[in-house]
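As structure tokens, the structure follows; a few thoughts come after it.
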Amino acid sequence: MTDQIVQQAMRLHEAGRIQEAASIYQEVLRANPRHYMALYSLGFACAQTNQHEQAIVLFSEAIAVNARDPASWFQRGISLYRLGRNPESLHSFDRTLALQPGHYEALVNRAVVLLETGRPAQALASCDTALALQPNFPPALVNRGNALVALGQHEDGIAAYDVALALNPGAADIIENRENAEFQLGRASRCPPGYMRRLFDEFSVDYDLRMLDELGYRAHLHVRTLYDRVADDAKKPSRILDLGSGTGLAGEAFKDISNGGYLEGIDLSPLMNDAARQRGLYDHLVLGDLEKYLAEPGEAFDLILAADTMIYIGDLAPSFAGVARRLQPGALYIFAVEAKDGDAWEQTAANRFRHSISYLREQATRAGLEFVDMMEAPLRNESGVPVVGYTIALRRPLNN
């Protein structure tokens, strides 16, 4: 009779009625604390609702009742991983595989833990074993790609991502991993958005201290200096857009002319946006990618700024075209880039980009923007050496 009750609860569980099912499992366990399926199923319900500490307790109790069932070991490993308890998680996956060597999901999750603990060669072997069992399993292909990239075999990693994308077209995580591999090979036209988001989320806590005090950052001040040189004193902008607003250093530099008007910032990093919000300068902060944002329909601005942003984009054609669409006729776009001699743009050893004056002039013309003025000055220091940059002022023509 008890088993029938548990089976009924499991059907509710499968239908998505998790809380109802959990209540029945709990009722069964009050009468019989060692009922294996009730323990396992309640543990699974807890894991599904992110109650991983409780899930681990229940899966461990299930294992104490029946240590030969790989299911409890596997799910225990998943919950341990979710809590960052990697050594214990790895042990659970190894126990799963000892009981069921063909458990390809355990092999892939084991590979994830191995990657996170700095053992890419072992992770690769685990993924290859999983793929021998299940050749078209996208998570195995993705993590195989991750392991290959971690081993410095970027081309092979990209090939693994391509197979995974063929099976799962448009998967954002696979696309992001592939973009990161291309970027590491120096073949990307910009820093991948996911890379940027992670970088600046980590950087957000002490961004101002590190940039201003340690690196002598001053691009935001150059942007303001050039604005003062080229702007019409009689007409202060009423709508300002700060591209890659970060913690709000550029907004701070322009707070006197934005006061009484509208100041908007956009950044990929949620934590940078949180830091900028604390300055109390911005009327609106957008979380998103600036190229996509500029390409969307929206109100035009009287001034667009980009202080420490365009150094993370190589091909500026999309952003220039977007800026041209979102500027009022006669309005200015002022931005800073790292300086490059000669032509075109290039990726630097520090995973940023530098641009030549000839390239900037060419792209401005293609976007229908007028080249107004420029200044050359260090943007920051790197290993104690000044990084020379250009600060550029472009304008959307009045008749355009």
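In the structure tokens, the first chain shown is A, the next is B, and so on; residue numbers restart at 1 for each chain, and ligands run from 1 in the order shown.
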Give me, as JSON, numbers by chain, all polymer residues having an atom no more than 6 Å from region 38-55 of chain A, counting only C-alpha atoms and skipping those fewer than 5 positions away in the same chain. {"A": [22, 25, 62, 79]}
Give the strand (DSSP E) residues of region 196-320 of chain A, as DSSP finds them on the backbone, and put them as a PyMOL selection string. chain A and resi 239-243+262-267+284-287+301-306
So, counting only C-alpha atoms, which residue among A:Tyr36, A:Thr365, A:Glu27, A:Arg326 is closest to Glu299 (chain A)?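 Ranking A:Tyr36, A:Thr365, A:Glu27, A:Arg326 by distance to Glu299 (chain A), first place goes to A:Arg326.
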Min atom-atom distance to Ile313 (chain A) from the set A:Asp162, A:Asp289, A:Asp343, A:Asp213, counting only C-alpha atoms, belongs to A:Asp289
All helix (DSSP H, G or I) residues (DSSP, backbone) inside region 73-219 of chain A, as an mmCIF file with C-alpha atoms, in the first residue's frame:
```cif
data_model
loop_
_atom_site.group_PDB
_atom_site.id
_atom_site.type_symbol
_atom_site.label_atom_id
_atom_site.label_comp_id
_atom_site.auth_asym_id
_atom_site.auth_seq_id
_atom_site.Cartn_x
_atom_site.Cartn_y
_atom_site.Cartn_z
ATOM 1 C CA TRP A 73 24.778 8.942 -5.709
ATOM 2 C CA PHE A 74 24.342 10.893 -8.958
ATOM 3 C CA GLN A 75 21.749 13.324 -7.625
ATOM 4 C CA ARG A 76 23.767 13.796 -4.443
ATOM 5 C CA GLY A 77 26.735 14.725 -6.658
ATOM 6 C CA ILE A 78 24.634 17.320 -8.502
ATOM 7 C CA SER A 79 23.482 18.993 -5.275
ATOM 8 C CA LEU A 80 26.987 18.969 -3.828
ATOM 9 C CA TYR A 81 28.252 20.652 -6.998
ATOM 10 C CA ARG A 82 25.519 23.303 -6.792
ATOM 11 C CA ASN A 86 33.544 19.889 -5.546
ATOM 12 C CA PRO A 87 35.637 17.136 -3.896
ATOM 13 C CA GLU A 88 32.538 15.521 -2.382
ATOM 14 C CA SER A 89 30.677 15.966 -5.662
ATOM 15 C CA LEU A 90 33.460 14.241 -7.584
ATOM 16 C CA HIS A 91 33.389 11.342 -5.103
ATOM 17 C CA SER A 92 29.633 10.936 -5.653
ATOM 18 C CA PHE A 93 30.037 10.860 -9.434
ATOM 19 C CA ASP A 94 32.858 8.319 -9.119
ATOM 20 C CA ARG A 95 30.620 6.129 -6.940
ATOM 21 C CA THR A 96 27.844 6.474 -9.545
ATOM 22 C CA LEU A 97 30.213 5.269 -12.265
ATOM 23 C CA ALA A 98 31.515 2.418 -10.146
ATOM 24 C CA LEU A 99 27.922 1.164 -9.935
ATOM 25 C CA TYR A 104 27.146 9.176 -19.450
ATOM 26 C CA GLU A 105 25.523 12.050 -17.529
ATOM 27 C CA ALA A 106 27.710 11.258 -14.516
ATOM 28 C CA LEU A 107 30.741 11.226 -16.818
ATOM 29 C CA VAL A 108 29.917 14.709 -18.131
ATOM 30 C CA ASN A 109 29.172 16.163 -14.690
ATOM 31 C CA ARG A 110 32.402 14.608 -13.464
ATOM 32 C CA ALA A 111 34.163 16.433 -16.332
ATOM 33 C CA VAL A 112 32.633 19.745 -15.230
ATOM 34 C CA VAL A 113 34.025 19.298 -11.713
ATOM 35 C CA LEU A 114 37.418 18.271 -13.078
ATOM 36 C CA LEU A 115 37.525 21.393 -15.250
ATOM 37 C CA GLU A 116 36.660 23.623 -12.316
ATOM 38 C CA PRO A 120 41.328 19.499 -18.079
ATOM 39 C CA ALA A 121 43.112 16.382 -19.353
ATOM 40 C CA GLN A 122 41.054 14.168 -17.036
ATOM 41 C CA ALA A 123 37.928 16.124 -17.971
ATOM 42 C CA LEU A 124 38.621 15.501 -21.658
ATOM 43 C CA ALA A 125 38.983 11.762 -21.039
ATOM 44 C CA SER A 126 35.688 11.725 -19.134
ATOM 45 C CA CYS A 127 33.902 13.532 -21.986
ATOM 46 C CA ASP A 128 35.382 11.184 -24.586
ATOM 47 C CA THR A 129 34.113 8.185 -22.611
ATOM 48 C CA ALA A 130 30.645 9.780 -22.445
ATOM 49 C CA LEU A 131 30.649 10.444 -26.194
ATOM 50 C CA ALA A 132 31.630 6.854 -26.910
ATOM 51 C CA LEU A 133 28.439 5.888 -25.074
ATOM 52 C CA PRO A 138 25.518 18.198 -26.498
ATOM 53 C CA PRO A 139 26.733 18.685 -22.876
ATOM 54 C CA ALA A 140 29.512 16.173 -23.511
ATOM 55 C CA LEU A 141 30.510 17.986 -26.706
ATOM 56 C CA VAL A 142 30.452 21.396 -25.021
ATOM 57 C CA ASN A 143 32.554 20.257 -22.092
ATOM 58 C CA ARG A 144 34.896 18.451 -24.471
ATOM 59 C CA GLY A 145 35.331 21.817 -26.181
ATOM 60 C CA ASN A 146 35.901 23.494 -22.818
ATOM 61 C CA ALA A 147 38.559 20.936 -21.881
ATOM 62 C CA LEU A 148 40.339 21.306 -25.223
ATOM 63 C CA VAL A 149 40.373 25.098 -24.916
ATOM 64 C CA ALA A 150 41.727 24.803 -21.363
ATOM 65 C CA HIS A 154 41.481 26.047 -29.381
ATOM 66 C CA GLU A 155 40.833 24.872 -32.937
ATOM 67 C CA ASP A 156 39.767 21.428 -31.752
ATOM 68 C CA GLY A 157 37.641 23.070 -29.073
ATOM 69 C CA ILE A 158 35.872 25.209 -31.685
ATOM 70 C CA ALA A 159 35.238 22.081 -33.765
ATOM 71 C CA ALA A 160 33.562 20.448 -30.734
ATOM 72 C CA TYR A 161 31.402 23.551 -30.186
ATOM 73 C CA ASP A 162 30.387 23.492 -33.864
ATOM 74 C CA VAL A 163 29.146 19.910 -33.565
ATOM 75 C CA ALA A 164 27.223 20.848 -30.415
ATOM 76 C CA LEU A 165 25.683 23.866 -32.177
ATOM 77 C CA ALA A 166 24.618 21.707 -35.116
ATOM 78 C CA LEU A 167 22.670 19.589 -32.615
ATOM 79 C CA ALA A 172 23.579 30.879 -26.055
ATOM 80 C CA ASP A 173 26.085 29.115 -23.775
ATOM 81 C CA ILE A 174 27.686 27.221 -26.664
ATOM 82 C CA ILE A 175 27.857 30.365 -28.807
ATOM 83 C CA GLU A 176 29.500 32.233 -25.922
ATOM 84 C CA ASN A 177 32.095 29.494 -25.399
ATOM 85 C CA ARG A 178 32.872 29.465 -29.119
ATOM 86 C CA GLU A 179 33.236 33.259 -29.177
ATOM 87 C CA ASN A 180 35.627 33.079 -26.237
ATOM 88 C CA ALA A 181 37.781 30.513 -28.038
ATOM 89 C CA GLU A 182 37.896 32.655 -31.191
ATOM 90 C CA PHE A 183 38.780 35.647 -29.027
ATOM 91 C CA GLN A 184 41.666 33.782 -27.405
ATOM 92 C CA PRO A 193 29.826 39.941 -24.119
ATOM 93 C CA GLY A 194 29.992 37.046 -21.653
ATOM 94 C CA TYR A 195 33.709 37.609 -21.114
ATOM 95 C CA MET A 196 33.076 41.315 -20.528
ATOM 96 C CA ARG A 197 30.231 40.681 -18.098
ATOM 97 C CA ARG A 198 32.314 38.310 -15.973
ATOM 98 C CA LEU A 199 35.389 40.553 -16.107
ATOM 99 C CA PHE A 200 33.599 43.659 -14.917
ATOM 100 C CA ASP A 201 31.378 41.921 -12.389
ATOM 101 C CA GLU A 202 34.623 40.792 -10.727
ATOM 102 C CA PHE A 203 36.184 44.232 -11.216
ATOM 103 C CA SER A 204 33.220 46.171 -9.829
ATOM 104 C CA VAL A 205 34.091 45.951 -6.128
ATOM 105 C CA ASP A 206 37.264 48.054 -6.345
ATOM 106 C CA TYR A 207 37.082 49.389 -9.911
ATOM 107 C CA ASP A 208 37.511 53.073 -9.038
ATOM 108 C CA LEU A 209 40.395 52.417 -6.649
ATOM 109 C CA ARG A 210 42.296 50.242 -9.097
ATOM 110 C CA MET A 211 41.641 52.404 -12.136
ATOM 111 C CA LEU A 212 42.259 55.810 -10.572
ATOM 112 C CA ASP A 213 44.906 55.094 -7.943
ATOM 113 C CA GLU A 214 46.763 52.072 -9.301
ATOM 114 C CA ALA A 219 40.200 58.668 -20.264
#
```
Straight-line distance linking CA of Ala350 (chain A) with CA of Leu268 (chain A), stated in Å to one decimal: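 So the answer is 19.6 Å.
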For region 354-358 of chain A, please output as a PyMOL selection string all residues within 12 Å (counting only C-alpha atoms; exclusion window: fewer than 5 positions along the same chain). chain A and resi 189-190+309-316+336-349+363-365+371+373-376+379+387-392
